[in-house]
Amino acid sequence: MQKYKICVYAICKNEEKFAEAWMESVKEADMVVVLDTGSTDRTVSILKNAGAEVYEETISPWRFDTARNRSLELVPSDTDICVCVDLDERFEPGWRKKLEKAWKSDTCRAQYRYTWNFNEDGSEGYVFWLDKIHSRHNFYWEHPVHEVLRYTGAAPCSTVYAEGIQLNHYADIQKSRAQYLPLLELAVRERPDDDRNMHYLGREYMYRGEWDKCIDTLKKHLLMPSAVWKDERCASMRYIAEAYIKKGDRAEARAWLYRAVSEAPHLREPYTDLAMLLYAEKEWYGVIFFTECALKITERPRTYICEAKSWGSLPYDLASLGYYYTGEYKKALQMAEMAAELSPLDERLKTNIGLIKQAYEGFAAAGR
């Protein structure tokens, strides 16, 4: 197995609570380079004491792409592999060996498994495959927020899946997202033809409860000629539906969820959302149908569109309720037990199992 020069690089500001654990997780690299953009706590000293090369600079006006491009400039030019990792993220041990095993002479980028959040019981939440490992040259970061890595080389960029690498994200929930909206609005002004930014802006309006702006922006996204990725189009439709639900227009929400199912029938998410809407309206046969459609999809996609709720206990939970209220107690019990297995700390699910068992035993005792 070939030996490569690997450099981890990052940007940070006031990350003292993460710095020590982060350095431990990236110590397998040959070098760690960090651009600190204005910490007032002990972040810089912790990183330096642990062996990182730390540079302190102010980025004004603030943009994530500017900061990341500057941090990349600090990586030595003879580096073979660059690994961009934020300080609230941690590799599980052994990542370097797996990366070197996957990397080939013509590789310029690697994808690896990324857990964005964890549930209260410690199980994985939102999981997808990230691609912030790349060769040293012919790359730059673009967009003021939700920045992406662009390749500028003339030769084709060969990407590998680095199986076995696991990066975990431990977000600081106390940190404000206030800067995201103005930076996304700036990104759309700068690149009004970029469908990805338009989708992210509409999603941000949804996060903030600005329902009309969410709907208008995501409808614009769907009309863009470049908006052809079905998974993201489906997500826009689902977010539009969510906004209509919040506005009290459930009929319009239902229409958009049917469109979402039609757009991406290979995803669990639209089926699950539609089942949730029908659950609220007590349309139990519809709940059964759409949860069964969701559960027939057994291969979890590797994209960020894949949401934790659709791959956890929720579809089984909804199905169990649908079967219960239509008198199919045996199936209801099976689904409830599956739901509880995936969410073992959920007391409601345990209670449901008891209630379903009582109904099932009474049904059986009656000889029906």
# chains A, B, ... in the order shown; residues from 1 in each chain; ligands from 1
>>> closest_atom_pairs(of="range 139-180 of chain A", to="range 44-63 of chain A", cutoff="9 Å", atoms="only C-alpha atoms", output="tab-separated table")
residue	atom	partner	partner_atom	distance
A:His143	CA	A:Arg63	CA	7.9
A:Pro144	CA	A:Arg63	CA	4.6
A:Val145	CA	A:Arg63	CA	6.6
>>> select_by_dssp(residues="range 118-213 of chain A", states="strand (DSSP E or B)", output="VMD selection string")
chain A and resid 118 124 127 to 135 139 to 142 148 to 151 158 to 169
>>> write_last_selection(atoms="N, CA and C atoms", output="PDB file, in the first residue's frame")
ATOM      1  N   PHE A 118     -26.788  12.739  15.898  1.00  0.00           N
ATOM      2  CA  PHE A 118     -27.135  11.526  16.630  1.00  0.00           C
ATOM      3  C   PHE A 118     -28.444  11.735  17.374  1.00  0.00           C
ATOM      4  N   GLU A 124     -27.509   6.641  15.274  1.00  0.00           N
ATOM      5  CA  GLU A 124     -27.238   7.610  14.217  1.00  0.00           C
ATOM      6  C   GLU A 124     -28.530   8.253  13.717  1.00  0.00           C
ATOM      7  N   VAL A 127     -27.484  10.572   8.051  1.00  0.00           N
ATOM      8  CA  VAL A 127     -26.252   9.959   7.546  1.00  0.00           C
ATOM      9  C   VAL A 127     -26.184  10.109   6.031  1.00  0.00           C
ATOM     10  N   PHE A 128     -25.045  10.524   5.524  1.00  0.00           N
ATOM     11  CA  PHE A 128     -24.825  10.546   4.078  1.00  0.00           C
ATOM     12  C   PHE A 128     -23.337  10.454   3.804  1.00  0.00           C
ATOM     13  N   TRP A 129     -22.933  10.517   2.542  1.00  0.00           N
ATOM     14  CA  TRP A 129     -21.527  10.401   2.156  1.00  0.00           C
ATOM     15  C   TRP A 129     -20.994  11.771   1.759  1.00  0.00           C
ATOM     16  N   LEU A 130     -19.881  12.139   2.356  1.00  0.00           N
ATOM     17  CA  LEU A 130     -19.259  13.442   2.164  1.00  0.00           C
ATOM     18  C   LEU A 130     -18.040  13.300   1.250  1.00  0.00           C
ATOM     19  N   ASP A 131     -17.603  14.410   0.664  1.00  0.00           N
ATOM     20  CA  ASP A 131     -16.498  14.329  -0.306  1.00  0.00           C
ATOM     21  C   ASP A 131     -15.498  15.487  -0.153  1.00  0.00           C
ATOM     22  N   LYS A 132     -15.084  15.745   1.081  1.00  0.00           N
ATOM     23  CA  LYS A 132     -14.153  16.846   1.334  1.00  0.00           C
ATOM     24  C   LYS A 132     -12.704  16.379   1.467  1.00  0.00           C
ATOM     25  N   ILE A 133     -12.403  15.234   0.910  1.00  0.00           N
ATOM     26  CA  ILE A 133     -11.024  14.752   0.796  1.00  0.00           C
ATOM     27  C   ILE A 133     -10.639  14.856  -0.671  1.00  0.00           C
ATOM     28  N   HIS A 134      -9.507  15.501  -0.945  1.00  0.00           N
ATOM     29  CA  HIS A 134      -9.171  15.782  -2.342  1.00  0.00           C
ATOM     30  C   HIS A 134      -7.666  15.940  -2.525  1.00  0.00           C
ATOM     31  N   SER A 135      -7.229  15.915  -3.768  1.00  0.00           N
ATOM     32  CA  SER A 135      -5.816  16.151  -4.074  1.00  0.00           C
ATOM     33  C   SER A 135      -5.489  17.634  -3.859  1.00  0.00           C
ATOM     34  N   PHE A 139      -8.274  22.564  -7.080  1.00  0.00           N
ATOM     35  CA  PHE A 139      -9.518  22.647  -6.327  1.00  0.00           C
ATOM     36  C   PHE A 139      -9.656  24.020  -5.685  1.00  0.00           C
ATOM     37  N   TYR A 140     -10.904  24.474  -5.587  1.00  0.00           N
ATOM     38  CA  TYR A 140     -11.187  25.708  -4.835  1.00  0.00           C
ATOM     39  C   TYR A 140     -12.607  25.618  -4.287  1.00  0.00           C
ATOM     40  N   TRP A 141     -12.871  26.418  -3.240  1.00  0.00           N
ATOM     41  CA  TRP A 141     -14.186  26.456  -2.607  1.00  0.00           C
ATOM     42  C   TRP A 141     -15.016  27.597  -3.187  1.00  0.00           C
ATOM     43  N   GLU A 142     -16.322  27.335  -3.358  1.00  0.00           N
ATOM     44  CA  GLU A 142     -17.212  28.323  -3.955  1.00  0.00           C
ATOM     45  C   GLU A 142     -18.498  28.443  -3.157  1.00  0.00           C
ATOM     46  N   VAL A 148     -19.099  24.657  -1.650  1.00  0.00           N
ATOM     47  CA  VAL A 148     -18.802  23.384  -2.301  1.00  0.00           C
ATOM     48  C   VAL A 148     -17.402  23.437  -2.898  1.00  0.00           C
ATOM     49  N   LEU A 149     -16.808  22.273  -3.035  1.00  0.00           N
ATOM     50  CA  LEU A 149     -15.468  22.136  -3.582  1.00  0.00           C
ATOM     51  C   LEU A 149     -15.566  21.938  -5.087  1.00  0.00           C
ATOM     52  N   ARG A 150     -14.874  22.797  -5.851  1.00  0.00           N
ATOM     53  CA  ARG A 150     -14.908  22.729  -7.311  1.00  0.00           C
ATOM     54  C   ARG A 150     -13.564  22.246  -7.848  1.00  0.00           C
ATOM     55  N   TYR A 151     -13.632  21.441  -8.884  1.00  0.00           N
ATOM     56  CA  TYR A 151     -12.437  20.919  -9.544  1.00  0.00           C
ATOM     57  C   TYR A 151     -12.193  21.695 -10.832  1.00  0.00           C
ATOM     58  N   SER A 158     -11.141  11.557 -10.928  1.00  0.00           N
ATOM     59  CA  SER A 158     -11.540  10.220 -10.500  1.00  0.00           C
ATOM     60  C   SER A 158     -11.846  10.229  -8.996  1.00  0.00           C
ATOM     61  N   THR A 159     -13.068   9.845  -8.648  1.00  0.00           N
ATOM     62  CA  THR A 159     -13.505   9.819  -7.253  1.00  0.00           C
ATOM     63  C   THR A 159     -13.622   8.378  -6.780  1.00  0.00           C
ATOM     64  N   VAL A 160     -13.154   8.108  -5.550  1.00  0.00           N
ATOM     65  CA  VAL A 160     -13.256   6.774  -4.971  1.00  0.00           C
ATOM     66  C   VAL A 160     -14.128   6.819  -3.722  1.00  0.00           C
ATOM     67  N   TYR A 161     -14.756   5.691  -3.421  1.00  0.00           N
ATOM     68  CA  TYR A 161     -15.452   5.528  -2.149  1.00  0.00           C
ATOM     69  C   TYR A 161     -14.465   4.920  -1.158  1.00  0.00           C
ATOM     70  N   ALA A 162     -14.161   5.661  -0.116  1.00  0.00           N
ATOM     71  CA  ALA A 162     -13.240   5.169   0.909  1.00  0.00           C
ATOM     72  C   ALA A 162     -14.055   4.414   1.961  1.00  0.00           C
ATOM     73  N   GLU A 163     -14.335   3.165   1.651  1.00  0.00           N
ATOM     74  CA  GLU A 163     -15.168   2.342   2.530  1.00  0.00           C
ATOM     75  C   GLU A 163     -14.499   2.183   3.901  1.00  0.00           C
ATOM     76  N   GLY A 164     -15.323   2.311   4.939  1.00  0.00           N
ATOM     77  CA  GLY A 164     -14.827   2.117   6.298  1.00  0.00           C
ATOM     78  C   GLY A 164     -14.454   3.385   7.022  1.00  0.00           C
ATOM     79  N   ILE A 165     -14.211   4.470   6.281  1.00  0.00           N
ATOM     80  CA  ILE A 165     -13.937   5.748   6.949  1.00  0.00           C
ATOM     81  C   ILE A 165     -15.242   6.291   7.516  1.00  0.00           C
ATOM     82  N   GLN A 166     -15.208   6.707   8.766  1.00  0.00           N
ATOM     83  CA  GLN A 166     -16.392   7.243   9.425  1.00  0.00           C
ATOM     84  C   GLN A 166     -16.052   8.577  10.088  1.00  0.00           C
ATOM     85  N   LEU A 167     -16.757   9.626   9.678  1.00  0.00           N
ATOM     86  CA  LEU A 167     -16.600  10.950  10.271  1.00  0.00           C
ATOM     87  C   LEU A 167     -17.896  11.302  10.984  1.00  0.00           C
ATOM     88  N   ASN A 168     -17.788  11.694  12.259  1.00  0.00           N
ATOM     89  CA  ASN A 168     -18.959  12.028  13.059  1.00  0.00           C
ATOM     90  C   ASN A 168     -18.996  13.514  13.375  1.00  0.00           C
ATOM     91  N   HIS A 169     -20.197  14.068  13.315  1.00  0.00           N
ATOM     92  CA  HIS A 169     -20.400  15.491  13.571  1.00  0.00           C
ATOM     93  C   HIS A 169     -21.082  15.677  14.922  1.00  0.00           C
TER      94      HIS A 169
END
>>> closest_residue(among="A:Arg302, A:Lys330, A:Ala294, A:Leu222", to="Tyr316 in chain A", atoms="only C-alpha atoms")
A:Ala294
>>> residues_around(residues="Lys230 in chain A", least_positions_apart="6", cutoff="10 Å", atoms="only C-alpha atoms", output="MDAnalysis selection string")
chainID A and resid 236 260 262:267
>>> select_by_dssp(residues="range 19-257 of chain A", states="helix (DSSP H, G or I)", output="PyMOL selection string")
chain A and resi 19-25+43-49+64-73+95-102+180-190+195-207+211-223+230-246+250-257
>>> closest_residue(among="A:Tyr325, A:Tyr170, A:Phe64, A:Tyr4", to="Phe91 in chain A", atoms="only C-alpha atoms")
A:Tyr170
>>> residues_around(residues="Gly286 in chain A", least_positions_apart="3", cutoff="10 Å", atoms="only C-alpha atoms", output="list in words")
Leu274, Ala275, Met276, Leu277, Leu278, Tyr279, Glu281, Lys282, Glu283, Phe289, Phe290, Thr291, Glu292, Ala319 and Gly322 of chain A
>>> residues_around(residues="Met31 in chain A", least_positions_apart="5", cutoff="10 Å", atoms="only C-alpha atoms", output="PyMOL selection string")
chain A and resi 5-9+26+51-53+75-76+79+82
>>> write_last_selection(atoms="N, CA and C atoms", output="compact mmCIF listing (two decimals), in the first residue's frame")
# COMPACT_ATOMS: atom_id res chain seq x y z
N LYS A 5 1.50 11.69 1.49
CA LYS A 5 1.59 12.80 2.44
C LYS A 5 0.19 13.37 2.59
N ILE A 6 -0.34 13.28 3.81
CA ILE A 6 -1.72 13.68 4.08
C ILE A 6 -1.74 14.87 5.03
N CYS A 7 -2.50 15.89 4.65
CA CYS A 7 -2.64 17.08 5.50
C CYS A 7 -4.11 17.35 5.78
N VAL A 8 -4.45 17.46 7.05
CA VAL A 8 -5.79 17.88 7.47
C VAL A 8 -5.77 19.40 7.57
N TYR A 9 -6.80 20.05 7.01
CA TYR A 9 -6.88 21.51 7.13
C TYR A 9 -8.29 21.92 7.56
N VAL A 26 -7.58 13.52 14.37
CA VAL A 26 -6.89 13.75 13.09
C VAL A 26 -5.38 13.50 13.19
N GLY A 51 0.10 20.23 18.46
CA GLY A 51 0.91 20.00 17.27
C GLY A 51 0.41 20.58 15.97
N ALA A 52 -0.68 21.32 15.99
CA ALA A 52 -1.20 21.92 14.76
C ALA A 52 -0.43 23.19 14.40
N GLU A 53 -0.34 23.47 13.12
CA GLU A 53 0.16 24.76 12.64
C GLU A 53 -1.05 25.68 12.52
N VAL A 75 -1.88 24.91 3.01
CA VAL A 75 -1.45 23.51 2.91
C VAL A 75 -0.23 23.45 1.99
N PRO A 76 0.86 22.80 2.40
CA PRO A 76 2.06 22.71 1.55
C PRO A 76 1.75 22.15 0.17
N THR A 79 1.80 18.31 -0.75
CA THR A 79 0.85 17.40 -0.11
C THR A 79 0.16 16.56 -1.17
N CYS A 82 -5.45 16.18 0.69
CA CYS A 82 -5.95 17.18 1.62
C CYS A 82 -7.26 16.69 2.23
>>> atom_distance(atom1="CA of Ile240 in chain A", atom2="CA of Ile215 in chain A")
5.2 Å
>>> closest_residue(among="A:Ala171, A:His146, A:Ser77, A:Gly312", to="Glu15 in chain A", atoms="only C-alpha atoms")
A:Ala171
>>> closest_atom_pairs(of="range 91-131 of chain A", to="range 337-343 of chain A", cutoff="12 Å", atoms="only C-alpha atoms", output="JSON lines")
{"residue": "A:Asn119", "atom": "CA", "partner": "A:Ser343", "partner_atom": "CA", "distance": 9.3}
{"residue": "A:Glu120", "atom": "CA", "partner": "A:Ser343", "partner_atom": "CA", "distance": 9.6}
{"residue": "A:Asp121", "atom": "CA", "partner": "A:Ser343", "partner_atom": "CA", "distance": 7.6}
{"residue": "A:Gly122", "atom": "CA", "partner": "A:Ser343", "partner_atom": "CA", "distance": 10.1}
{"residue": "A:Ser123", "atom": "CA", "partner": "A:Ser343", "partner_atom": "CA", "distance": 8.6}
{"residue": "A:Glu124", "atom": "CA", "partner": "A:Leu342", "partner_atom": "CA", "distance": 10.6}
{"residue": "A:Gly125", "atom": "CA", "partner": "A:Ser343", "partner_atom": "CA", "distance": 11.4}
>>> write_last_selection(atoms="C-alpha atoms", output="PDB file, in the first residue's frame")
ATOM      1  CA  ASN A 119     -30.469  10.723  18.253  1.00  0.00           C
ATOM      2  CA  GLU A 120     -31.069  11.008  21.990  1.00  0.00           C
ATOM      3  CA  ASP A 121     -30.491   7.282  22.445  1.00  0.00           C
ATOM      4  CA  GLY A 122     -27.075   7.565  20.777  1.00  0.00           C
ATOM      5  CA  SER A 123     -28.127   5.968  17.497  1.00  0.00           C
ATOM      6  CA  GLU A 124     -27.238   7.610  14.217  1.00  0.00           C
ATOM      7  CA  GLY A 125     -29.538  10.251  12.836  1.00  0.00           C
TER       8      GLY A 125
END
>>> atom_distance(atom1="CA of Glu100 in chain A", atom2="CA of Glu24 in chain A")
19.2 Å
>>> atom_distance(atom1="CA of Tyr285 in chain A", atom2="CA of Tyr323 in chain A")
8.1 Å
>>> residues_around(residues="Asp41 in chain A", least_positions_apart="6", cutoff="12 Å", atoms="only C-alpha atoms", output="list in words")
Cys12, Lys13, Asn14, Glu15, Glu16, Lys17, Phe18, Ala19 and Leu47 of chain A
>>> write_last_selection(atoms="C-alpha atoms", output="mmCIF file, in the first residue's frame")
data_model
loop_
_atom_site.group_PDB
_atom_site.id
_atom_site.type_symbol
_atom_site.label_atom_id
_atom_site.label_comp_id
_atom_site.auth_asym_id
_atom_site.auth_seq_id
_atom_site.Cartn_x
_atom_site.Cartn_y
_atom_site.Cartn_z
ATOM 1 C CA CYS A 12 -12.226 27.707 13.213
ATOM 2 C CA LYS A 13 -13.336 30.339 15.695
ATOM 3 C CA ASN A 14 -13.907 29.785 19.424
ATOM 4 C CA GLU A 15 -13.862 25.989 19.339
ATOM 5 C CA GLU A 16 -12.013 25.259 22.600
ATOM 6 C CA LYS A 17 -14.627 22.703 23.645
ATOM 7 C CA PHE A 18 -13.833 20.625 20.552
ATOM 8 C CA ALA A 19 -10.161 21.347 19.878
ATOM 9 C CA LEU A 47 -4.351 23.428 18.853
#
>>> residues_around(residues="Gly202 in chain A", least_positions_apart="5", cutoff="8 Å", atoms="only C-alpha atoms", output="compact mmCIF listing (two decimals) with N, CA and C atoms, in the first residue's frame")
# COMPACT_ATOMS: atom_id res chain seq x y z
N LYS A 213 -42.18 32.91 1.77
CA LYS A 213 -40.88 33.00 1.09
C LYS A 213 -40.36 31.61 0.74
N CYS A 214 -40.59 30.67 1.64
CA CYS A 214 -40.19 29.29 1.38
C CYS A 214 -40.87 28.76 0.12
N ILE A 215 -42.17 28.92 0.05
CA ILE A 215 -42.94 28.43 -1.09
C ILE A 215 -42.51 29.10 -2.38
N ASP A 216 -42.42 30.43 -2.36
CA ASP A 216 -42.05 31.17 -3.58
C ASP A 216 -40.66 30.78 -4.06
N THR A 217 -39.71 30.68 -3.14
CA THR A 217 -38.33 30.38 -3.52
C THR A 217 -38.19 28.97 -4.07
N LEU A 218 -38.85 28.01 -3.43
CA LEU A 218 -38.73 26.63 -3.89
C LEU A 218 -39.49 26.39 -5.20
N SER A 236 -37.62 19.81 -2.49
CA SER A 236 -38.29 21.11 -2.62
C SER A 236 -39.80 20.95 -2.53
>>> closest_residue(among="A:Arg268, A:Arg109, A:Arg191, A:Lys104", to="Ala235 in chain A", atoms="only C-alpha atoms")
A:Arg268
